[in-house]
Amino acid sequence: MKLTKLAAALCATAALPLAAHATELEVTHWWTSGGEAAAVAELAKAFNASGDVWVDGAIAGGGDTARPVMISRITGGDPMGATQFNHGQQALELVEAGLMLDLTDVAEANNWKEIVYPPSLLDACTVDGKIYCAPVNIHSPEWLWLSNKVYEDLGLPVPTTWTEFVASAPQVEAAGKIPLALGNQNWQSNLAFGAITIGVGGLDLWKQVNVDKNMDAAAGPEMLAVFQAAADARKLAAKSTVQDWNQATNLVITDQAAGQIMGDWAQGEFQVAGEVAGKDYTCLPGLGLNEYISTGGDAFYFPKNSDPEIEAAQKRLAALLVSPEVQVAFNLKKGSLPIRGDVDLAAANDCMKKGLEILAGGNIVPAGDMIWSPDVQTQLGDLQAEFWKGQEMTPEEAQARYVEILKSGL
Ligand code: GAL
């Protein structure tokens, strides 16, 4: 369904209170890569154009570094005006401690319940019936990104599945290329494992373990096969010595590596590098094996502030983030999908279109950040980092520890 540009503009104008006078809001986030910075600049531009002032509070080092800083500022009485979290359980304790602004009035004034899709995004912002975050995108981790040139130079077809990718890896390696680029941060290993679980293990297995929380399935032979596939994959990443996810993406962009398992935020890097989806790089959602995407992503939360001017500006920003124009401008740069179905992403590239088709088809699953607590997610990341980077731990040992960690989160 497409809103006409005029109708969208009228809707947006009608529901967005304009600033009586400029109020500065400090906004913290961890978007510091090229693509991320280009995307967050669209949010800042829109907020500044609306009459308020976006004071950028970017924190480098990724979410695992930024979130403890954000949380300590909020709990320590030095709150920012707004902050990014992945929607789900990351901000739950802050909300339960009464530290975060209730946005239910903004959500009702702007019909978020009718327009946010899938509804699980808003459910992930809702605690005891009240809404505490403005979702801004849908990001799915389960993608394989491929350098077309690496395969063209080898006279090989670009893989269409993870299976073909693994089968062609020996020739890629023999040509002096890194088969699989992987950064050295725990969440990246955990992300790769999650994608292999859905891609290789399949959706039913993923749901049994992560939705039904069936520990017999987690300890079963099918999950062992996933750990074996991950053990095969870690060999392909052994020579990837970069740290940050976007450095690993850059190995693919510069054709030093053949592929990377990474979320669709990698698109922002390809775009900033001027690479064209389908021509320069190929994207395989669900690793080309099971085209499902998990509907996690980013949202903005607003620490309570005693200054009514600040609170009014916080609510203006929350409404703006969900507006049609900002959703299009931001997500096209971020490489993510919009949180509303009534916007026209005509400029979406082939990969975003693949994601939109999967979303429209309902082939979606909830995200790990919505299912498991931050503590369980951190423990899973630590385990996967040891498994992938250590290259020593056996699939059997890893599975046993995996089950224990999940059991601790039940
Ligand atoms: C995720 C976030 C994405 C992207 C990624 C890498 O948690 O949802 O927007 O920034 O981290 O930093």
# chains A, B, ... in the order shown; residues from 1 in each chain; ligands from 1
$ closest_atom_pairs --of "range 191-252 of chain A" --to "range 370-377 of chain A" --cutoff "10 Å" --atoms "only C-alpha atoms" --output "JSON lines"
{"residue": "A:Asn210", "atom": "CA", "partner": "A:Ile371", "partner_atom": "CA", "distance": 7.0}
{"residue": "A:Val211", "atom": "CA", "partner": "A:Ile371", "partner_atom": "CA", "distance": 7.3}
{"residue": "A:Lys213", "atom": "CA", "partner": "A:Ile371", "partner_atom": "CA", "distance": 9.6}
$ residues_near_ligand --ligand "ligand 1" --cutoff "10 Å" --atoms "only C-alpha atoms and all ligand atoms" --output "PyMOL selection string"
chain A and resi 29-33+35-37+39-40+60-64+66+84-87+136-141+187-188+244-246+262-266+268+296-299+334-336+369
$ residues_around --residues "Thr241 in chain A" --least-positions-apart "6" --cutoff "8 Å" --atoms "only C-alpha atoms" --output "PyMOL selection string"
chain A and resi 182-184
$ residues_around --residues "Ala312 in chain A" --least-positions-apart "4" --cutoff "9 Å" --atoms "only C-alpha atoms" --output "ChimeraX atom specification"
/A:19,23,307-308,316-317
$ write_last_selection --atoms "C-alpha atoms" --output "PDB file, in the first residue's frame"
ATOM      1  CA  ALA A  19       8.592  23.126  18.158  1.00  0.00           C
ATOM      2  CA  THR A  23      15.175  22.645  22.372  1.00  0.00           C
ATOM      3  CA  ASP A 307      12.274  19.917  32.507  1.00  0.00           C
ATOM      4  CA  PRO A 308       8.905  20.085  30.691  1.00  0.00           C
ATOM      5  CA  ARG A 316       8.396  15.562  19.284  1.00  0.00           C
ATOM      6  CA  LEU A 317      11.450  13.476  18.406  1.00  0.00           C
TER       7      LEU A 317
END
$ select_by_dssp --residues "range 194-305 of chain A" --states "strand (DSSP E or B)" --output "list in words"
Ala257, Ala258, Gly259, Gln260, Ile261, Ala277, Tyr281, Thr282, Cys283, Leu284, Pro285, Ile293, Ser294, Gly296, Asp298, Ala299, Phe300, Tyr301 and Pro303 of chain A
$ residues_around --residues "Met70 in chain A" --least-positions-apart "6" --cutoff "12 Å" --atoms "only C-alpha atoms" --output "short mmCIF file (atom, residue, chain, number, x, y, z; two decimals) with C-alpha atoms, in the first residue's frame"
data_model
loop_
_atom_site.label_atom_id
_atom_site.label_comp_id
_atom_site.auth_asym_id
_atom_site.auth_seq_id
_atom_site.Cartn_x
_atom_site.Cartn_y
_atom_site.Cartn_z
CA GLU A 26 21.54 14.96 23.32
CA VAL A 27 21.02 11.68 21.47
CA THR A 28 23.32 8.72 22.17
CA HIS A 29 23.81 5.78 19.79
CA TRP A 30 26.56 3.45 18.54
CA GLY A 57 26.24 11.60 21.16
CA ALA A 58 27.82 8.84 19.09
CA ILE A 59 29.67 6.21 21.15
CA GLY A 63 26.57 -1.89 21.13
CA ASP A 64 28.43 -4.00 23.70
CA GLY A 76 23.73 7.72 37.54
CA GLY A 77 21.56 10.82 37.17
CA ASP A 78 23.24 12.16 34.04
CA PRO A 79 20.66 11.18 31.43
CA MET A 80 20.80 12.05 27.75
CA GLY A 81 17.70 13.27 25.94
CA ALA A 82 17.26 10.09 23.89
CA THR A 83 19.22 6.90 23.36
CA GLN A 84 19.32 3.96 20.97
CA PHE A 85 18.81 0.43 22.24
CA GLN A 90 17.90 -4.29 26.75
CA ALA A 91 16.07 -1.35 28.37
CA LEU A 94 15.49 0.88 33.14
CA PHE A 300 14.93 5.13 20.71
CA TYR A 301 14.15 5.40 24.41
CA PHE A 302 13.84 8.65 26.36
CA PRO A 303 15.11 8.96 29.95
#
$ closest_atom_pairs --of "range 164-251 of chain A" --to "range 354-367 of chain A" --cutoff "10 Å" --atoms "only C-alpha atoms" --output "tab-separated table"
residue	atom	partner	partner_atom	distance
A:Gly194	CA	A:Ala367	CA	10.0
A:Ile198	CA	A:Val365	CA	9.9
A:Leu203	CA	A:Val365	CA	8.5
A:Trp206	CA	A:Val365	CA	9.2
A:Lys207	CA	A:Val365	CA	8.1
A:Asn210	CA	A:Pro366	CA	9.0
A:Val211	CA	A:Pro366	CA	8.3
$ atom_distance --atom1 "CA of Thr197 in chain A" --atom2 "CA of Val226 in chain A"
5.9 Å
$ atom_distance --atom1 "CA of Ala134 in chain A" --atom2 "CA of Phe270 in chain A"
26.9 Å
$ residues_around --residues "Thr161 in chain A" --least-positions-apart "6" --cutoff "12 Å" --atoms "only C-alpha atoms" --output "list in words"
Trp143, Leu144, Trp145, Leu146, Ala167, Ser168, Ile196, Gly199, Val200, Gly259, Thr282, Cys283, Leu284, Pro285, Gly286, Leu287, Gly288, Leu289, Asn290 and Glu291 of chain A
$ residues_around --residues "Ala181 in chain A" --least-positions-apart "5" --cutoff "6 Å" --atoms "only C-alpha atoms" --output "VMD selection string"
chain A and resid 237 240 248 257 260
$ write_last_selection --atoms "C-alpha atoms" --output "PDB file, in the first residue's frame"
ATOM      1  CA  ALA A 237      37.249 -17.246   9.039  1.00  0.00           C
ATOM      2  CA  SER A 240      40.105 -12.783   9.289  1.00  0.00           C
ATOM      3  CA  ALA A 248      35.029  -7.220   7.970  1.00  0.00           C
ATOM      4  CA  ALA A 257      37.299 -11.729   1.362  1.00  0.00           C
ATOM      5  CA  GLN A 260      30.561 -12.224   5.467  1.00  0.00           C
TER       6      GLN A 260
END
